[in-house]
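Content type CSV, C-alpha atoms, from the file query-v2.csv:
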chain,number,residue,atom,x,y,z
D,1,MET,CA,27.3,14.0,4.5
D,2,HIS,CA,24.1,16.0,4.6
D,3,LEU,CA,21.3,14.3,6.5
D,4,GLY,CA,17.6,15.3,6.7
D,5,VAL,CA,15.1,14.4,9.4
D,6,LEU,CA,11.3,14.7,9.5
D,7,THR,CA,8.4,13.6,11.7
D,8,SER,CA,5.3,12.4,9.9
D,9,GLY,CA,1.7,11.4,10.6
D,10,GLY,CA,0.3,11.7,14.1
D,11,ASP,CA,2.5,13.1,16.8
D,12,ALA,CA,3.9,10.8,19.6
D,13,PRO,CA,5.7,11.6,22.8
D,14,GLY,CA,9.4,10.9,22.2
D,15,MET,CA,9.6,12.3,18.7
D,16,ASN,CA,11.6,15.2,20.0
D,17,ALA,CA,14.0,12.8,21.6
D,18,ALA,CA,14.4,11.0,18.3
D,19,ILE,CA,15.1,14.3,16.5
D,20,ARG,CA,17.7,15.1,19.1
D,21,ALA,CA,19.4,11.8,18.7
D,22,VAL,CA,19.6,12.1,14.9
D,23,VAL,CA,20.9,15.6,15.0
D,24,ARG,CA,23.5,15.0,17.7
D,25,ALA,CA,24.7,11.7,16.3
D,26,GLY,CA,24.9,13.3,12.9
D,27,ILE,CA,27.0,16.2,14.2
D,28,PHE,CA,29.1,13.9,16.2
D,29,ASN,CA,30.0,12.1,12.9
D,30,SER,CA,30.8,15.4,11.2
D,31,CYS,CA,27.5,15.5,9.2
D,32,ARG,CA,25.4,18.5,8.4
D,33,VAL,CA,21.7,18.0,9.5
D,34,THR,CA,18.6,19.7,8.2
D,35,GLY,CA,15.2,19.4,9.8
D,36,ILE,CA,12.2,19.2,7.4
D,37,ARG,CA,9.2,21.0,8.8
D,38,ARG,CA,5.6,19.7,8.7
D,39,GLY,CA,6.4,16.2,7.6
D,40,LEU,CA,5.7,15.1,4.0
D,41,LEU,CA,3.8,18.3,3.4
D,42,GLY,CA,6.8,20.3,4.3
D,43,LEU,CA,9.1,18.1,2.3
D,44,MET,CA,7.0,18.7,-0.8
D,45,ALA,CA,7.2,22.4,-0.2
D,46,GLY,CA,10.9,22.4,0.6
D,47,GLU,CA,10.3,23.7,4.1
D,48,ALA,CA,13.7,23.1,5.8
D,49,GLN,CA,15.8,24.5,8.6
D,50,PRO,CA,19.4,23.9,9.6
D,51,MET,CA,19.8,22.0,12.8
D,52,ASP,CA,22.7,22.4,15.3
D,53,LEU,CA,23.3,21.3,18.9
D,54,GLY,CA,21.5,24.3,20.2
D,55,SER,CA,18.4,23.6,18.1
D,56,VAL,CA,17.8,20.3,20.0
D,57,ALA,CA,18.8,21.5,23.5
D,58,ASP,CA,16.3,20.8,26.2
D,59,ILE,CA,13.8,19.0,23.9
D,60,ILE,CA,14.3,15.4,25.1
D,61,TYR,CA,11.5,15.8,27.8
D,62,ARG,CA,9.0,17.6,25.5
D,63,GLY,CA,6.0,16.0,23.9
D,64,GLY,CA,4.9,16.7,20.3
D,65,THR,CA,7.6,17.5,17.7
D,66,ILE,CA,9.5,20.7,17.2
D,67,LEU,CA,9.5,20.0,13.5
D,68,HIS,CA,5.7,19.7,13.5
D,69,THR,CA,4.0,17.1,11.4
D,70,GLY,CA,1.2,16.6,9.0
D,71,ARG,CA,-0.6,14.1,6.8
D,72,SER,CA,-0.4,14.4,3.0
D,73,PRO,CA,-3.0,12.6,0.8
D,74,ASP,CA,-1.2,14.0,-2.3
D,75,PHE,CA,1.9,12.1,-1.3
D,76,GLN,CA,0.1,8.9,-0.6
D,77,ASN,CA,-1.7,8.9,-4.0
D,78,GLY,CA,1.6,9.6,-5.7
D,79,GLN,CA,0.9,13.2,-6.9
D,80,GLY,CA,3.2,14.8,-4.4
D,81,LEU,CA,6.2,12.4,-5.0
D,82,PRO,CA,7.8,14.5,-7.8
D,83,SER,CA,7.7,17.6,-5.6
D,84,ALA,CA,9.3,15.7,-2.7
D,85,LEU,CA,12.1,14.3,-4.9
D,86,GLU,CA,12.8,17.8,-6.3
D,87,ALA,CA,13.1,19.1,-2.7
D,88,VAL,CA,15.5,16.4,-1.7
D,89,ARG,CA,17.7,17.3,-4.7
D,90,ALA,CA,17.4,21.0,-4.1
D,91,LEU,CA,18.4,20.6,-0.5
D,92,GLY,CA,21.3,18.3,-1.4
D,93,LEU,CA,20.3,15.6,1.1
D,94,ASP,CA,22.5,12.5,1.1
D,95,GLY,CA,20.1,10.6,3.4
D,96,LEU,CA,16.8,11.1,5.2
D,97,VAL,CA,15.5,9.8,8.5
D,98,VAL,CA,11.7,9.4,8.6
D,99,ILE,CA,10.1,9.2,12.1
D,100,GLY,CA,6.5,8.1,12.2
D,101,GLY,CA,4.0,5.3,12.0
D,102,ASP,CA,2.9,2.7,9.4
D,103,GLY,CA,1.8,5.4,6.9
D,104,SER,CA,5.1,7.0,7.3
D,105,ALA,CA,6.9,3.7,6.6
D,106,ARG,CA,4.9,3.4,3.4
D,107,ALA,CA,5.8,6.9,2.4
D,108,ALA,CA,9.5,6.2,3.2
D,109,LEU,CA,9.3,3.2,0.9
D,110,LYS,CA,8.0,5.3,-2.0
D,111,LEU,CA,11.0,7.7,-1.5
D,112,ALA,CA,13.4,4.8,-1.3
D,113,GLN,CA,12.0,3.2,-4.5
D,114,ALA,CA,12.5,6.6,-6.2
D,115,GLY,CA,16.1,6.6,-5.3
D,116,VAL,CA,16.2,8.6,-2.0
D,117,ARG,CA,18.5,7.1,0.7
D,118,VAL,CA,15.9,6.6,3.5
D,119,VAL,CA,15.8,5.0,7.0
D,120,ALA,CA,12.6,4.8,8.9
D,121,ILE,CA,12.0,4.5,12.7
D,122,PRO,CA,8.7,3.8,14.4
D,123,ALA,CA,7.0,6.5,16.4
D,124,THR,CA,3.3,6.1,17.0
D,125,ILE,CA,1.2,5.6,20.2
D,126,ASP,CA,-0.7,2.8,18.3
D,127,ASN,CA,2.4,0.6,18.3
D,128,ASP,CA,1.1,-1.0,15.1
D,129,VAL,CA,4.2,-0.9,12.9
D,130,PRO,CA,5.4,-4.4,12.1
D,131,GLY,CA,9.1,-5.1,12.5
D,132,SER,CA,9.4,-3.7,16.0
D,133,ASP,CA,8.2,-4.8,19.4
D,134,ASP,CA,8.1,-1.2,20.5
D,135,SER,CA,7.2,2.1,19.0
D,136,ILE,CA,8.2,5.6,20.3
D,137,GLY,CA,5.3,7.1,22.2
D,138,PHE,CA,3.5,3.8,23.1
D,139,ASP,CA,4.8,3.5,26.6
D,140,THR,CA,3.9,7.1,27.4
D,141,ALA,CA,0.4,6.8,26.0
D,142,VAL,CA,-0.3,3.6,27.9
D,143,ASN,CA,0.9,5.3,31.1
D,144,THR,CA,-1.3,8.3,30.3
D,145,ILE,CA,-4.3,6.1,29.9
D,146,ALA,CA,-3.6,4.1,33.0
D,147,GLY,CA,-3.4,7.3,35.1
D,148,SER,CA,-6.7,8.6,33.6
D,149,VAL,CA,-8.4,5.2,34.2
D,150,ASP,CA,-7.2,5.2,37.8
D,151,ARG,CA,-8.8,8.5,38.4
D,152,VAL,CA,-12.0,7.4,36.7
D,153,ARG,CA,-12.0,4.3,38.9
D,154,ASP,CA,-12.0,6.5,42.0
D,155,THR,CA,-15.3,8.1,40.9
D,156,ALA,CA,-16.7,4.8,39.6
D,157,THR,CA,-16.1,3.3,43.1
D,158,ALA,CA,-17.6,6.3,44.9
D,159,LEU,CA,-20.7,6.2,42.8
D,160,GLU,CA,-20.8,2.4,42.4
D,161,ARG,CA,-21.1,2.7,38.6
D,162,GLY,CA,-19.6,1.2,35.5
D,163,PHE,CA,-17.7,3.3,33.0
D,164,VAL,CA,-16.9,2.8,29.3
D,165,ILE,CA,-13.6,4.5,28.5
D,166,GLU,CA,-12.8,5.1,24.8
D,167,VAL,CA,-9.1,5.1,23.8
D,168,MET,CA,-7.4,5.7,20.4
D,169,GLY,CA,-7.0,2.9,17.9
D,170,ARG,CA,-8.9,3.2,14.7
D,171,ASP,CA,-7.5,0.1,13.1
D,172,SER,CA,-5.4,-1.3,15.9
D,173,GLY,CA,-6.1,-2.5,19.4
D,174,HIS,CA,-2.5,-2.7,20.7
D,175,LEU,CA,-3.0,0.5,22.8
D,176,ALA,CA,-6.4,-0.6,24.2
D,177,LEU,CA,-5.1,-4.0,25.1
D,178,ALA,CA,-2.1,-2.9,26.9
D,179,ALA,CA,-4.0,-0.2,28.8
D,180,GLY,CA,-6.8,-2.6,29.6
D,181,VAL,CA,-4.4,-5.2,31.1
D,182,ALA,CA,-2.5,-2.4,33.0
D,183,THR,CA,-5.7,-1.1,34.6
D,184,GLY,CA,-7.5,-4.4,35.2
D,185,ALA,CA,-10.4,-3.6,32.9
D,186,GLU,CA,-13.3,-6.1,33.0
D,187,SER,CA,-13.7,-6.0,29.2
D,188,ILE,CA,-11.4,-4.8,26.5
D,189,LEU,CA,-12.9,-4.3,23.0
D,190,ILE,CA,-10.5,-4.1,20.1
D,191,PRO,CA,-10.9,-4.4,16.3
D,192,GLU,CA,-8.9,-7.5,15.9
D,193,PHE,CA,-11.0,-9.7,18.2
D,194,PRO,CA,-14.7,-8.9,18.2
D,195,THR,CA,-16.4,-9.4,21.6
D,196,SER,CA,-20.1,-9.9,21.9
D,197,MET,CA,-22.1,-7.5,24.0
D,198,ASP,CA,-23.7,-10.6,25.7
D,199,LEU,CA,-20.3,-11.6,27.1
D,200,VAL,CA,-19.6,-8.0,28.2
D,201,CYS,CA,-23.0,-8.0,30.0
D,202,GLN,CA,-22.3,-11.4,31.6
D,203,ARG,CA,-19.0,-10.0,33.1
D,204,LEU,CA,-20.8,-7.0,34.4
D,205,LYS,CA,-23.5,-9.1,36.0
D,206,ARG,CA,-20.9,-11.4,37.6
D,207,GLY,CA,-19.3,-8.4,39.2
D,208,LEU,CA,-22.6,-7.2,40.6
D,209,GLU,CA,-23.4,-10.6,42.0
D,210,ARG,CA,-20.2,-10.5,44.1
D,211,ASN,CA,-20.9,-6.9,45.2
D,212,LYS,CA,-18.2,-5.3,43.1
D,213,LEU,CA,-18.5,-1.5,43.4
D,214,HIS,CA,-17.4,-0.6,39.9
D,215,SER,CA,-16.6,-1.9,36.4
D,216,ILE,CA,-14.3,-0.6,33.6
D,217,ILE,CA,-14.7,-1.3,29.9
D,218,ILE,CA,-11.9,-0.2,27.6
D,219,VAL,CA,-12.9,0.2,24.0
D,220,ALA,CA,-10.7,1.1,21.0
D,221,GLU,CA,-12.3,3.9,18.9
D,222,GLY,CA,-12.2,1.6,15.8
D,223,VAL,CA,-14.7,-0.8,17.4
D,224,ALA,CA,-17.4,1.7,18.2
D,225,PRO,CA,-17.9,5.0,20.0
D,226,ALA,CA,-18.0,4.6,23.8
D,227,GLN,CA,-21.6,5.9,23.9
D,228,VAL,CA,-22.7,3.2,21.5
D,229,VAL,CA,-21.2,0.5,23.7
D,230,ALA,CA,-22.9,2.0,26.7
D,231,ASP,CA,-26.3,2.1,24.9
D,232,GLN,CA,-25.9,-1.5,23.8
D,233,VAL,CA,-25.2,-2.6,27.3
D,234,LYS,CA,-28.2,-0.8,28.7
D,235,GLU,CA,-30.4,-2.2,26.0
D,236,LYS,CA,-29.3,-5.8,26.7
D,237,SER,CA,-28.9,-5.7,30.5
D,238,GLY,CA,-30.6,-2.6,31.8
D,239,MET,CA,-27.3,-1.4,33.4
D,240,GLU,CA,-26.5,2.2,32.8
D,241,LEU,CA,-22.8,3.0,32.2
D,242,ARG,CA,-21.1,6.4,32.2
D,243,VAL,CA,-18.8,7.3,29.3
D,244,THR,CA,-15.4,8.9,29.1
D,245,VAL,CA,-13.6,9.7,25.8
D,246,LEU,CA,-9.9,10.4,26.4
D,247,GLY,CA,-9.2,11.8,23.0
D,248,TYR,CA,-6.1,13.7,22.2
D,249,VAL,CA,-4.9,13.8,25.8
D,250,GLN,CA,-3.3,10.4,25.0
D,251,ARG,CA,-0.9,11.9,22.4
D,252,GLY,CA,0.5,14.7,24.6
D,253,GLY,CA,2.7,15.0,27.6
D,254,SER,CA,6.3,14.5,28.5
D,255,PRO,CA,7.6,11.1,27.3
D,256,THR,CA,8.4,8.4,29.8
D,257,ALA,CA,12.1,7.5,30.4
D,258,ALA,CA,11.5,4.3,28.4
D,259,ASP,CA,10.3,6.3,25.3
D,260,ARG,CA,13.2,8.8,25.7
D,261,ILE,CA,15.7,5.9,25.8
D,262,LEU,CA,14.1,4.1,22.9
D,263,ALA,CA,14.0,7.2,20.7
D,264,SER,CA,17.6,7.9,21.5
D,265,ARG,CA,18.7,4.4,20.5
D,266,LEU,CA,16.7,4.3,17.3
D,267,GLY,CA,17.7,7.8,16.2
D,268,GLU,CA,21.4,7.2,16.7
D,269,HIS,CA,21.2,3.8,14.9
D,270,ALA,CA,19.5,5.5,11.9
D,271,VAL,CA,22.5,7.8,11.5
D,272,GLU,CA,24.9,4.8,11.7
D,273,VAL,CA,23.0,3.0,8.9
D,274,LEU,CA,23.1,6.1,6.6
D,275,LEU,CA,26.8,6.6,7.3
D,276,ALA,CA,27.4,3.0,6.3
D,277,ALA,CA,25.8,3.8,2.9
D,278,ARG,CA,22.8,1.5,3.6
D,279,HIS,CA,19.2,2.6,3.1
D,280,GLY,CA,15.7,1.3,2.5
D,281,ILE,CA,15.9,0.1,6.1
D,282,PHE,CA,13.5,0.1,9.0
D,283,ILE,CA,15.0,0.2,12.5
D,284,GLY,CA,13.0,-1.3,15.4
D,285,THR,CA,13.5,-3.5,18.5
D,286,ARG,CA,13.2,-7.2,19.2
D,287,GLY,CA,13.5,-8.2,22.8
D,288,ASN,CA,15.9,-5.5,24.1
D,289,GLN,CA,17.9,-5.3,21.0
D,290,THR,CA,17.9,-2.8,18.1
D,291,VAL,CA,17.2,-4.6,14.9
D,292,GLU,CA,17.1,-3.7,11.2
D,293,CYS,CA,14.4,-4.9,8.7
D,294,ASP,CA,13.8,-4.4,5.1
D,295,LEU,CA,11.6,-1.4,4.7
D,296,GLU,CA,9.5,-2.9,2.0
D,297,GLN,CA,8.6,-5.9,4.1
D,298,VAL,CA,7.6,-3.6,7.0
D,299,ALA,CA,5.5,-1.3,4.8
D,300,ARG,CA,3.6,-4.2,3.2
D,301,ALA,CA,2.9,-6.2,6.4
D,302,ARG,CA,0.5,-5.8,9.4
D,303,LYS,CA,1.4,-6.1,13.0
D,304,GLU,CA,-0.6,-8.8,14.7
D,305,ILE,CA,-2.1,-8.5,18.2
D,306,ASP,CA,-0.2,-10.5,20.9
D,307,GLN,CA,-2.7,-13.3,21.4
D,308,ALA,CA,-1.0,-14.3,24.7
D,309,MET,CA,-1.7,-10.8,26.0
D,310,PHE,CA,-5.3,-11.0,24.9
D,311,ARG,CA,-5.7,-14.4,26.6
D,312,LEU,CA,-4.2,-12.9,29.8
D,313,ALA,CA,-6.7,-10.1,29.8
D,314,HIS,CA,-9.5,-12.7,29.5
D,315,VAL,CA,-8.2,-14.8,32.3
D,316,LEU,CA,-7.6,-11.9,34.7
D,317,SER,CA,-11.0,-10.3,34.0
D,318,ILE,CA,-12.9,-13.3,35.6
Give the structure from the file, written as structure tokens.
Amino acid sequence: MHLGVLTSGGDAPGMNAAIRAVVRAGIFNSCRVTGIRRGLLGLMAGEAQPMDLGSVADIIYRGGTILHTGRSPDFQNGQGLPSALEAVRALGLDGLVVIGGDGSARAALKLAQAGVRVVAIPATIDNDVPGSDDSIGFDTAVNTIAGSVDRVRDTATALERGFVIEVMGRDSGHLALAAGVATGAESILIPEFPTSMDLVCQRLKRGLERNKLHSIIIVAEGVAPAQVVADQVKEKSGMELRVTVLGYVQRGGSPTAADRILASRLGEHAVEVLLAARHGIFIGTRGNQTVECDLEQVARARKEIDQAMFRLAHVLSI
């Protein structure tokens, strides 16, 4: 069997560990494995390279993706699908593993509906792909944010100031919520649950009244830019907050052990599914178990915020 593997969308720490797992599990089962470069863009252009044990040596600890990645509007609007299908035929692929986020799951569904044997696994720091509790890269990103916030808190305490820290999450607040709970933020602003600036100001004032030396507000980028939040707080309360935008530092870095293990499990399971002549499947986790879901259901759904976690954040920020 000839398997292909690609990484698509935004990069996430642990993608390399997933590539390694697909390649090694494939070779272990006497498969030939080809890596598709630059995600869907590369697939449409037929950019491929043979993968062997040596090509994935010493990559389990590296961030990013050795296959590179990219977004493709042409594929999403359907114009690039014929080119992708022609490339699959020309390469002689019997199955394809797509590693990426929710957009990649939708792209994988289009390929599956066109007759390509596809399995998708979640890799995104946003952790917003339905059908899985965990996504490759999420744990690493949360830890990166937590480390950054801890450093900012040292300065916030020394200067006796409040800070607004902007994290990634254009349409999803999973990352901001987890990071906010992990760092003890006073307020967590996410797209799914709008929070009034009046409430944010009330929490800040309560902290001042009990002589708290600092305050941390975590805001997902999809809510508003951090500077806008700081300006609104100043307008309503007179309190001046400093701003830190973490940006792309959240995507990089060596993956945590948890993400390496998750990527290894999902990548190996993807090969098992293709060897069993099954496809159109999404592989994720539920509890501590690897589970399979219908790719179409995953691609058409939306992952909801954990309301118990959001309530916990509210309770602990008193």
Please list as a PyMOL selection string every residue within 12 Å of D:Gly115, counting only C-alpha atoms and excluding residues in the same chain fewer than 2 positions away.
chain D and resi 81-82+84-86+88-89+93-96+108-113+117-118+279-280
Identify which of the residues D:Pro13, D:Gly92, D:Pro194, D:Gly101 lies closest to D:Met1, counting all atoms listed in the file when measuring atom-to-atom distances.
D:Gly92
Could you produce a table of the residues of stretch 50-150 of chain D lying within 7 Å of stretch 18-25 of chain D, with the nearest pair of atoms per residue and their separation in Å rounded to one decimal, using only C-alpha atoms, ordered by chain and increasing residue number, as CSV?
residue,atom,partner,partner_atom,distance
D:Met51,CA,D:Val23,CA,6.9
D:Leu53,CA,D:Arg24,CA,6.4
D:Val56,CA,D:Arg20,CA,5.3
D:Ile60,CA,D:Arg20,CA,6.9
Nearest candidate to D:Gly39 (options D:Val116, D:Val219, D:Leu312, D:Ile66; using all atoms listed in the file)
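Once distances to D:Gly39 are computed over all atoms listed in the file, the minimum belongs to D:Ile66.
Between atom CA of D:Arg286 and atom CA of D:Ser8 the interatomic distance comes to 23.1 Å.
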Leaving out D:Pro73 and any residue of its chain fewer than 3 positions from it, which residues lie within 12 Å of it when counting all atoms listed in the file, given as an MDAnalysis selection string?
chainID D and resid 9 40:41 44 70 76:81 103:104 107
Write out as an MDAnalysis selection string the residues lying within 10 Å of D:Pro225, counting all atoms listed in the file and excluding same-chain residues fewer than 6 positions away.
chainID D and resid 164:167 219 243 245
Would you mind exporting the chosen residues as a CSV table (one decimal), in the coordinates of the input, restricted to C-alpha atoms?
chain,number,residue,atom,x,y,z
D,164,VAL,CA,-16.9,2.8,29.3
D,165,ILE,CA,-13.6,4.5,28.5
D,166,GLU,CA,-12.8,5.1,24.8
D,167,VAL,CA,-9.1,5.1,23.8
D,219,VAL,CA,-12.9,0.2,24.0
D,243,VAL,CA,-18.8,7.3,29.3
D,245,VAL,CA,-13.6,9.7,25.8
Give as number ranges by chain every residue, naming chains and numbers as the document does, that has an atom within 12 Å of (-1.2, -4.1, 9.5), counting all atoms listed in the file.
D: 101-103, 105-106, 126-131, 170-174, 191-192, 297-305
Write the residues you've just listed into a file as a compact mmCIF listing (two decimals), keeping the file's coordinate frame, and include C-alpha atoms for each of them.
# COMPACT_ATOMS: atom_id res chain seq x y z
CA GLY D 101 4.00 5.30 12.00
CA ASP D 102 2.90 2.70 9.40
CA GLY D 103 1.80 5.40 6.90
CA ALA D 105 6.90 3.70 6.60
CA ARG D 106 4.90 3.40 3.40
CA ASP D 126 -0.70 2.80 18.30
CA ASN D 127 2.40 0.60 18.30
CA ASP D 128 1.10 -1.00 15.10
CA VAL D 129 4.20 -0.90 12.90
CA PRO D 130 5.40 -4.40 12.10
CA GLY D 131 9.10 -5.10 12.50
CA ARG D 170 -8.90 3.20 14.70
CA ASP D 171 -7.50 0.10 13.10
CA SER D 172 -5.40 -1.30 15.90
CA GLY D 173 -6.10 -2.50 19.40
CA HIS D 174 -2.50 -2.70 20.70
CA PRO D 191 -10.90 -4.40 16.30
CA GLU D 192 -8.90 -7.50 15.90
CA GLN D 297 8.60 -5.90 4.10
CA VAL D 298 7.60 -3.60 7.00
CA ALA D 299 5.50 -1.30 4.80
CA ARG D 300 3.60 -4.20 3.20
CA ALA D 301 2.90 -6.20 6.40
CA ARG D 302 0.50 -5.80 9.40
CA LYS D 303 1.40 -6.10 13.00
CA GLU D 304 -0.60 -8.80 14.70
CA ILE D 305 -2.10 -8.50 18.20
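For the residues D:Gly100, D:Gly169, D:Gly64, D:Gly10, ranking by smallest atom-to-atom distance to D:Val223 using all atoms listed in the file places D:Gly169 first.
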